[in-house]
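Visitor: Structure file upload34.txt (compact mmCIF, C-alpha atoms) right here:
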```txt
# COMPACT_ATOMS: atom_id res chain seq x y z
CA MET A 1098 4.12 5.56 26.34
CA ALA A 1099 4.49 2.85 23.75
CA THR A 1100 7.25 2.97 21.14
CA VAL A 1101 4.91 1.90 18.33
CA ASP A 1102 1.19 2.32 17.85
CA VAL A 1103 0.07 -0.53 15.57
CA ILE A 1104 -3.13 0.23 13.66
CA ILE A 1105 -5.21 -2.52 12.05
CA VAL A 1106 -8.29 -1.50 10.07
CA ASN A 1107 -10.88 -4.25 10.40
CA TRP A 1108 -14.00 -4.77 8.33
CA ASN A 1109 -15.75 -8.12 8.69
CA ASP A 1110 -12.49 -10.04 9.04
CA ARG A 1111 -13.00 -12.10 12.20
CA THR A 1112 -10.46 -14.71 11.08
CA ARG A 1113 -7.52 -12.72 9.79
CA THR A 1114 -7.57 -9.77 12.19
CA PRO A 1115 -7.04 -11.98 15.26
CA ALA A 1116 -4.25 -13.81 13.39
CA ALA A 1117 -2.54 -10.48 12.62
CA ILE A 1118 -2.76 -9.49 16.28
CA ASP A 1119 -1.37 -12.88 17.33
CA SER A 1120 1.64 -12.30 15.07
CA LEU A 1121 2.27 -8.99 16.83
CA LEU A 1122 1.96 -10.41 20.34
CA ALA A 1123 4.35 -13.24 19.42
CA LEU A 1124 7.15 -10.83 18.49
CA GLY A 1125 10.26 -11.10 20.63
CA GLU A 1126 10.47 -7.32 21.06
CA VAL A 1127 6.90 -7.27 22.38
CA ALA A 1128 7.52 -10.09 24.86
CA HIS A 1129 10.83 -8.56 25.94
CA GLU A 1130 9.61 -5.00 26.53
CA LEU A 1131 6.24 -4.51 28.17
CA GLY A 1132 4.45 -1.65 26.46
CA PHE A 1133 6.64 -1.66 23.33
CA VAL A 1134 3.50 -1.71 21.20
CA HIS A 1135 0.00 -0.35 21.60
CA ILE A 1136 -2.39 -2.19 19.28
CA VAL A 1137 -5.38 -0.24 17.95
CA VAL A 1138 -8.10 -1.92 15.93
CA SER A 1139 -10.09 0.57 13.88
CA ASP A 1140 -13.36 -1.15 13.08
CA ASN A 1141 -15.30 0.00 10.03
CA GLY A 1142 -18.77 -1.11 11.07
CA SER A 1143 -18.21 -4.88 11.04
CA THR A 1144 -21.32 -7.05 11.27
CA ASP A 1145 -19.65 -10.48 11.37
CA GLY A 1146 -19.08 -10.62 15.12
CA SER A 1147 -15.49 -9.34 14.88
CA LEU A 1148 -15.74 -6.95 17.80
CA PRO A 1149 -17.15 -9.37 20.42
CA LEU A 1150 -14.55 -11.91 19.36
CA LEU A 1151 -11.68 -9.43 19.62
CA ARG A 1152 -12.82 -8.16 23.01
CA GLU A 1153 -13.18 -11.66 24.39
CA ARG A 1154 -9.87 -12.89 23.00
CA PHE A 1155 -7.59 -9.92 23.62
CA GLY A 1156 -9.30 -7.80 26.26
CA GLU A 1157 -7.21 -4.86 27.43
CA ARG A 1158 -4.25 -5.83 25.26
CA ILE A 1159 -5.88 -3.92 22.40
CA THR A 1160 -7.79 -0.67 21.96
CA ILE A 1161 -10.84 -0.71 19.70
CA VAL A 1162 -12.07 2.36 17.83
CA GLU A 1163 -15.59 1.89 16.48
CA ASN A 1164 -16.28 3.92 13.33
CA GLY A 1165 -19.85 2.70 12.83
CA ALA A 1166 -19.58 2.39 9.04
CA ASN A 1167 -17.18 1.28 6.35
CA LEU A 1168 -15.17 4.48 5.90
CA GLY A 1169 -12.38 2.94 3.83
CA PHE A 1170 -8.78 2.22 4.76
CA GLY A 1171 -7.36 5.74 4.99
CA ALA A 1172 -10.25 7.13 7.00
CA GLY A 1173 -10.11 4.09 9.27
CA VAL A 1174 -6.44 4.79 9.98
CA ASN A 1175 -7.15 8.47 10.56
CA ARG A 1176 -9.76 7.68 13.24
CA ALA A 1177 -7.26 5.47 15.06
CA VAL A 1178 -4.25 7.81 15.06
CA PRO A 1179 -5.50 9.95 18.01
CA ALA A 1180 -5.97 6.79 20.10
CA GLY A 1181 -2.20 6.60 20.63
CA THR A 1182 0.80 8.83 21.29
CA ALA A 1183 3.74 6.65 20.23
CA PRO A 1184 6.43 8.31 18.07
CA PHE A 1185 6.03 5.58 15.43
CA ILE A 1186 2.83 4.29 13.82
CA PHE A 1187 2.82 0.89 12.13
CA LEU A 1188 0.01 0.02 9.73
CA LEU A 1189 -0.77 -3.67 9.36
CA ASN A 1190 -3.44 -5.18 7.13
CA PRO A 1191 -5.63 -7.91 8.64
CA ASP A 1192 -4.37 -10.22 5.89
CA ALA A 1193 -0.74 -9.58 6.81
CA SER A 1194 1.54 -10.76 9.60
CA VAL A 1195 4.95 -9.67 10.84
CA ARG A 1196 7.95 -11.85 11.53
CA ASP A 1197 10.03 -11.76 14.70
CA GLY A 1198 12.06 -8.59 15.13
CA ALA A 1199 10.33 -6.70 12.32
CA LEU A 1200 9.07 -3.77 14.36
CA GLN A 1201 12.34 -3.32 16.24
CA GLU A 1202 14.27 -3.39 12.97
CA LEU A 1203 12.10 -0.66 11.48
CA VAL A 1204 12.26 1.49 14.62
CA SER A 1205 16.05 1.16 14.84
CA PHE A 1206 16.46 1.98 11.16
CA MET A 1207 14.32 5.11 11.42
CA GLN A 1208 16.02 6.24 14.63
CA GLN A 1209 19.33 6.18 12.76
CA ARG A 1210 17.89 8.23 9.90
CA PRO A 1211 15.95 11.27 11.16
CA ARG A 1212 14.80 12.18 7.62
CA CYS A 1213 13.19 8.77 7.10
CA ALA A 1214 9.46 9.34 7.51
CA ILE A 1215 8.16 6.01 6.14
CA ALA A 1216 9.81 2.59 6.16
CA GLY A 1217 8.52 -0.69 4.79
CA PRO A 1218 9.64 -4.30 5.36
CA LYS A 1219 10.45 -7.04 2.91
CA ILE A 1220 7.09 -8.66 2.13
CA TYR A 1221 6.46 -12.25 1.12
CA GLU A 1222 3.43 -13.86 -0.48
CA GLU A 1223 1.70 -16.66 1.44
CA ASP A 1224 3.55 -19.24 -0.66
CA GLY A 1225 6.90 -17.78 0.43
CA SER A 1226 7.71 -15.99 -2.82
CA LEU A 1227 8.90 -12.40 -2.71
CA ALA A 1228 6.20 -9.77 -3.17
CA GLY A 1229 6.68 -6.37 -4.78
CA SER A 1230 7.12 -4.15 -1.72
CA CYS A 1231 8.03 -0.83 -3.36
CA GLY A 1232 6.98 1.47 -6.15
CA GLU A 1233 7.93 4.55 -8.14
CA PHE A 1234 6.03 7.77 -8.65
CA ASP A 1235 4.39 8.05 -12.06
CA SER A 1236 5.75 9.87 -15.04
CA TRP A 1237 3.45 10.40 -18.02
CA SER A 1238 5.32 8.00 -20.26
CA GLY A 1239 5.85 5.49 -17.44
CA ALA A 1240 2.16 5.50 -16.59
CA PHE A 1241 1.21 5.07 -20.25
CA LEU A 1242 3.52 2.10 -20.71
CA ARG A 1243 2.49 0.47 -17.44
CA SER A 1244 -1.21 0.90 -18.29
CA SER A 1245 -0.84 -0.64 -21.74
CA ALA A 1246 0.67 -3.82 -23.11
CA TRP A 1247 3.42 -1.72 -24.66
CA GLY A 1248 5.22 -1.65 -21.32
CA GLU A 1249 5.96 -5.36 -21.67
CA TRP A 1250 7.57 -4.94 -25.11
CA PRO A 1251 11.35 -5.48 -24.54
CA PRO A 1252 12.54 -2.21 -26.23
CA LEU A 1253 10.14 -0.17 -24.05
CA ARG A 1254 10.08 -2.22 -20.86
CA ARG A 1255 12.86 -0.23 -19.19
CA TYR A 1256 10.84 2.99 -19.55
CA ALA A 1257 7.67 1.68 -17.87
CA ASN A 1258 6.82 2.78 -14.35
CA GLY A 1259 8.63 0.65 -11.76
CA ALA A 1260 11.02 -0.89 -14.33
CA SER A 1261 14.14 -0.41 -12.20
CA LEU A 1262 12.50 -2.18 -9.26
CA ARG A 1263 11.70 -5.23 -11.37
CA GLU A 1264 15.42 -5.77 -11.98
CA TRP A 1265 16.35 -5.45 -8.29
CA ASP A 1266 16.84 -8.38 -5.88
CA TYR A 1267 15.27 -6.68 -2.81
CA HIS A 1268 18.12 -7.89 -0.56
CA SER A 1269 19.55 -4.52 0.52
CA PRO A 1270 18.08 -1.33 2.06
CA ARG A 1271 17.10 1.19 -0.56
CA ARG A 1272 15.60 4.64 -0.64
CA VAL A 1273 12.44 4.40 -2.75
CA ASP A 1274 9.50 6.57 -3.75
CA LEU A 1275 6.93 4.50 -1.87
CA VAL A 1276 6.27 1.25 -0.03
CA ILE A 1277 2.96 -0.61 -0.05
CA GLY A 1278 0.45 0.04 2.71
CA ALA A 1279 -0.04 -3.57 3.82
CA ALA A 1280 2.76 -3.15 6.37
CA LEU A 1281 4.58 0.13 6.86
CA MET A 1282 6.00 2.33 9.61
CA ILE A 1283 5.31 6.08 9.75
CA ARG A 1284 6.95 8.70 11.94
CA ARG A 1285 4.13 10.38 13.88
CA ASN A 1286 5.55 13.91 13.90
CA VAL A 1287 5.94 13.85 10.11
CA LEU A 1288 2.38 12.59 9.69
CA GLU A 1289 1.21 15.50 11.85
CA ARG A 1290 3.16 17.89 9.63
CA VAL A 1291 2.10 16.64 6.18
CA GLY A 1292 -1.41 15.59 7.21
CA LEU A 1293 -3.24 12.32 7.66
CA PHE A 1294 -4.45 10.11 4.82
CA ASP A 1295 -6.56 11.84 2.18
CA GLU A 1296 -10.01 10.35 2.75
CA ARG A 1297 -11.01 10.85 -0.87
CA PHE A 1298 -9.15 7.58 -1.46
CA PHE A 1299 -11.53 4.93 -0.17
CA MET A 1300 -9.06 2.15 -0.87
CA TYR A 1301 -5.74 1.97 -2.77
CA HIS A 1302 -3.32 4.79 -3.59
CA GLU A 1303 -3.77 6.44 -0.20
CA GLU A 1304 -0.23 5.38 0.76
CA VAL A 1305 1.07 6.59 -2.63
CA ASP A 1306 -0.52 9.98 -2.01
CA LEU A 1307 1.00 10.12 1.49
CA ALA A 1308 4.45 9.15 0.19
CA LYS A 1309 4.18 11.88 -2.46
CA ARG A 1310 3.38 14.50 0.19
CA VAL A 1311 6.19 13.20 2.40
CA ALA A 1312 8.67 13.52 -0.47
CA GLU A 1313 7.46 17.04 -1.29
CA ALA A 1314 8.05 17.99 2.36
CA GLY A 1315 11.68 16.88 2.07
CA TYR A 1316 11.52 13.54 3.90
CA GLU A 1317 12.56 10.06 2.82
CA VAL A 1318 10.91 6.66 2.27
CA TRP A 1319 13.01 3.52 2.74
CA TYR A 1320 12.71 -0.21 2.06
CA VAL A 1321 14.19 -2.21 4.97
CA PRO A 1322 14.70 -5.92 4.17
CA SER A 1323 15.92 -6.83 7.67
CA ALA A 1324 12.25 -6.47 8.71
CA GLU A 1325 9.95 -9.07 7.18
CA ALA A 1326 6.22 -9.58 6.80
CA THR A 1327 3.79 -11.83 4.93
CA HIS A 1328 0.81 -10.52 2.98
CA ALA A 1329 -2.02 -12.61 1.57
CA GLY A 1330 -3.42 -9.83 -0.62
CA GLN A 1331 -6.90 -8.28 -1.05
CA GLY A 1332 -8.16 -9.57 2.31
CA SER A 1333 -11.47 -8.01 3.25
CA SER A 1334 -11.43 -5.57 0.32
CA GLY A 1335 -13.54 -7.98 -1.72
CA GLY A 1336 -12.26 -9.35 -5.00
CA LYS A 1337 -15.12 -8.13 -7.20
CA ASN A 1338 -14.55 -4.49 -6.25
CA VAL A 1339 -10.76 -4.43 -6.29
CA GLU A 1340 -10.26 -3.29 -9.87
CA ARG A 1341 -12.93 -0.61 -9.59
CA TYR A 1342 -11.33 0.76 -6.41
CA LYS A 1343 -7.92 0.73 -8.06
CA ARG A 1344 -9.11 2.59 -11.15
CA GLU A 1345 -11.00 5.23 -9.15
CA SER A 1346 -8.12 5.83 -6.76
CA ARG A 1347 -5.54 5.98 -9.56
CA ARG A 1348 -7.63 8.60 -11.36
CA LYS A 1349 -8.01 10.70 -8.19
CA TYR A 1350 -4.30 10.48 -7.50
CA TRP A 1351 -3.33 11.51 -11.03
CA VAL A 1352 -5.71 14.48 -11.04
CA LYS A 1353 -4.62 15.61 -7.57
CA HIS A 1354 -0.87 15.51 -8.18
CA TYR A 1355 -0.50 16.01 -11.94
CA GLY A 1356 -3.58 17.95 -12.97
CA LEU A 1357 -6.50 17.49 -15.35
CA MET A 1358 -4.47 18.14 -18.51
CA TRP A 1359 -1.99 15.40 -17.56
CA TYR A 1360 -4.80 12.98 -16.78
CA TYR A 1361 -6.92 13.70 -19.87
CA SER A 1362 -3.95 13.57 -22.23
CA LEU A 1363 -2.94 10.20 -20.77
CA SER A 1364 -6.50 8.91 -21.07
CA ALA A 1365 -6.67 10.10 -24.67
CA ALA A 1366 -3.38 8.39 -25.49
CA LEU A 1367 -4.54 5.13 -23.91
CA ALA A 1368 -7.79 5.30 -25.89
CA ALA A 1369 -5.96 6.19 -29.11
CA ARG A 1370 -3.95 2.99 -29.00
CA TYR A 1371 -7.17 1.06 -29.62
CA VAL A 1372 -7.78 3.16 -32.73
CA LEU A 1373 -4.27 2.23 -33.82
CA TYR A 1374 -4.98 -1.44 -33.17
CA ALA A 1375 -8.25 -1.22 -35.13
CA GLY A 1376 -6.50 0.50 -38.03
CA ALA A 1377 -3.80 -2.16 -38.11
CA LEU A 1378 -6.43 -4.89 -38.02
CA VAL A 1379 -8.41 -3.35 -40.88
CA GLY A 1380 -5.23 -2.83 -42.89
CA SER A 1381 -4.19 -6.44 -42.36
CA ALA A 1382 -7.63 -7.66 -43.42
CA LEU A 1383 -7.55 -5.55 -46.61
CA LEU A 1384 -4.06 -6.76 -47.44
CA ALA A 1385 -5.07 -10.39 -46.91
CA ARG A 1386 -8.11 -9.89 -49.12
CA ARG A 1387 -5.97 -8.48 -51.96
CA LEU A 1388 -3.50 -11.33 -51.69
CA LEU A 1389 -6.26 -13.93 -51.75
CA ALA A 1390 -7.92 -12.24 -54.76
CA ARG A 1391 -4.84 -12.70 -56.93
```
Let me see whether you can do it: turn the structure in this file into structure tokens.
Guide:
Amino acid sequence: MATVDVIIVNWNDRTRTPAAIDSLLALGEVAHELGFVHIVVSDNGSTDGSLPLLRERFGERITIVENGANLGFGAGVNRAVPAGTAPFIFLLNPDASVRDGALQELVSFMQQRPRCAIAGPKIYEEDGSLAGSCGEFDSWSGAFLRSSAWGEWPPLRRYANGASLREWDYHSPRRVDLVIGAALMIRRNVLERVGLFDERFFMYHEEVDLAKRVAEAGYEVWYVPSAEATHAGQGSSGGKNVERYKRESRRKYWVKHYGLMWYYSLSAALAARYVLYAGALVGSALLARRLLAR
């Protein structure tokens, strides 16, 4: 049995998915220990020739699960989970790659902390700059400030969602609310307990929802900087649909975990700020008109 089942959800990404797999096969821990990883590609109905290419290039070194249609990220992961039995499951985006030792670092960290159910590496952008790898669960005020320009106003900035993480250097391990889904390790037995990804989230916020359920079950999520990965961002999700997916998933997450009253009151407050802006604009125009009339 492998130590880690690595799951890559592929959808028409015949360039980046092979590169992600290459990064896994180049890991020292993989070369050193035969069978350390079991790589599963969950294909969401690709039509770009991805599957023939993957079969020809990697053969029996990978397992392919064919879903027949674009089910979304969470559902794609869910279909691949039964294809392995490893105690740890590592999710890797096609547009991401792992650096040497990353998987072993995450496994060792989680083995030392039995309550750690999810662990994420330090993630870099393609240009080498540090990416935001972690996040905080929403509060009403934090979500309002983050979703409006008010969260960037210095007196209010420290109250916006994720403010404490913006002031952190990301150099030391830290228990966090959530880590991003581009590259993260999950303990299989905890996933079996809290449930797989909620398939109502086609893309985005599925890992936030999972982290929320993990926390409610009494487990921990950790950021582990000794493990490193690189993430290009957006990958095969398609740039034109990204914002729509984000908005839809955020709304579903808020309603699921905080309720309709929470969501509608937040929406009303966000809409009301435009009324405030309009009122201020009209007031300024009337004041300017009076001053010019003198």
Visitor: Find, counting only C-alpha atoms, the residue in A:Ser1323, A:Ser1244, A:Ser1236, A:Thr1100 that gets nearest to Trp1359 in chain A.
Guide: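 Of A:Ser1323, A:Ser1244, A:Ser1236, A:Thr1100, the one nearest Trp1359 in chain A is A:Ser1236, counting only C-alpha atoms.
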Visitor: Taking all atoms listed in the file into account, which of A:Gly1173, A:Leu1367, A:Ala1314, A:Gly1229 comes nearest Glu1264 in chain A?
Guide: A:Gly1229
Visitor: Give me, as a PyMOL selection string, all polymer residues having an atom no more than 10 Å from Leu1121 in chain A, counting only C-alpha atoms and skipping those fewer than 4 positions away in the same chain.
Guide: chain A and resi 1103+1115-1117+1125-1128+1134+1136+1189+1194-1200
Visitor: Work out how far apart CA of Ile1161 in chain A and CA of Leu1148 in chain A are and give it in Å to one decimal.
Guide: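 Taking CA of Ile1161 in chain A as the start and CA of Leu1148 in chain A as the end point, the length is 8.2 Å.
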Visitor: Of the residues A:Ile1104, A:Met1098, A:Glu1313, A:Val1162, which is the one nearest to Phe1133 in chain A, using all atoms listed in the file?
Guide: A:Met1098
Visitor: If we count all atoms listed in the file, what is near Glu1289 in chain A at a cut-off of 12 Å, once residues fewer than 6 positions away on the same chain are taken out, given as a PyMOL selection string?
Guide: chain A and resi 1175+1178-1179+1182+1184-1186+1214+1283+1307+1310-1311+1314
Visitor: Which is closest to Tyr1320 in chain A among A:Tyr1360, A:Phe1206, A:Tyr1350, A:Tyr1221, if we use all atoms listed in the file?
Guide: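 Looking at the shortest contact to Tyr1320 in chain A, the residue is A:Phe1206.
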Visitor: For range 1132-1136 of chain A, take all atoms listed in the file, fit an axis-aligned box around them, add 6 Å to each of the six sides, then output centre and edge lengths in Å rounded to one decimal, as AutoDock Vina command-line options.
Guide:
```
--center_x 2.1 --center_y -1.3 --center_z 22.9 --size_x 21.0 --size_y 13.8 --size_z 19.2
```
Visitor: Could you check the closest approach to Pro1270 in chain A for each of A:Ala1246, A:Ala1183, A:Ala1324, A:Leu1357 and tell me which residue wins, using all atoms listed in the file?
Guide: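 Looking only at the distances to Pro1270 in chain A, the closest residue turns out to be A:Ala1324.
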Visitor: Quote the spacing between CA of His1135 in chain A and CA of Asp1102 in chain A in Å to one decimal place.
Guide: 4.8 Å
Visitor: To one decimal place, how far is CA of Leu1227 in chain A from CA of Ala1329 in chain A in Å?
Guide: 11.7 Å
Visitor: Please list as a list of chain:residue names every residue within 8 Å of Ala1180 in chain A, counting only C-alpha atoms and excluding residues in the same chain fewer than 4 positions away.
Guide: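 Answer for this query is A:Val1137, A:Thr1160, A:Val1162, A:Arg1176.
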Visitor: Determine the nearest neighbour of Trp1265 in chain A from the options A:Gln1208, A:Ser1245, A:Ser1230, A:Ser1364, counting all atoms listed in the file.
Guide: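 Comparing A:Gln1208, A:Ser1245, A:Ser1230, A:Ser1364 against Trp1265 in chain A, the winner is A:Ser1230.
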Visitor: Output as JSON lines one row per residue of range 1218-1315 of chain A within 12 Å of range 1352-1355 of chain A: the closest atom pair and its distance in Å to one decimal place, counting only C-alpha atoms, sorted by chain and residue number ascending.
Guide:
```
{"residue": "A:Phe1234", "atom": "CA", "partner": "A:His1354", "partner_atom": "CA", "distance": 10.4}
{"residue": "A:Asp1235", "atom": "CA", "partner": "A:Tyr1355", "partner_atom": "CA", "distance": 9.3}
{"residue": "A:Ser1236", "atom": "CA", "partner": "A:Tyr1355", "partner_atom": "CA", "distance": 9.3}
{"residue": "A:Trp1237", "atom": "CA", "partner": "A:Tyr1355", "partner_atom": "CA", "distance": 9.2}
{"residue": "A:Ala1240", "atom": "CA", "partner": "A:Tyr1355", "partner_atom": "CA", "distance": 11.8}
{"residue": "A:Asp1295", "atom": "CA", "partner": "A:Lys1353", "partner_atom": "CA", "distance": 10.6}
{"residue": "A:Arg1297", "atom": "CA", "partner": "A:Lys1353", "partner_atom": "CA", "distance": 10.4}
{"residue": "A:Phe1298", "atom": "CA", "partner": "A:Lys1353", "partner_atom": "CA", "distance": 11.1}
{"residue": "A:His1302", "atom": "CA", "partner": "A:Lys1353", "partner_atom": "CA", "distance": 11.6}
{"residue": "A:Glu1303", "atom": "CA", "partner": "A:Lys1353", "partner_atom": "CA", "distance": 11.8}
{"residue": "A:Val1305", "atom": "CA", "partner": "A:His1354", "partner_atom": "CA", "distance": 10.7}
{"residue": "A:Asp1306", "atom": "CA", "partner": "A:His1354", "partner_atom": "CA", "distance": 8.3}
{"residue": "A:Leu1307", "atom": "CA", "partner": "A:His1354", "partner_atom": "CA", "distance": 11.2}
{"residue": "A:Ala1308", "atom": "CA", "partner": "A:His1354", "partner_atom": "CA", "distance": 11.8}
{"residue": "A:Lys1309", "atom": "CA", "partner": "A:His1354", "partner_atom": "CA", "distance": 8.4}
{"residue": "A:Arg1310", "atom": "CA", "partner": "A:His1354", "partner_atom": "CA", "distance": 9.4}
{"residue": "A:Glu1313", "atom": "CA", "partner": "A:His1354", "partner_atom": "CA", "distance": 10.9}
```
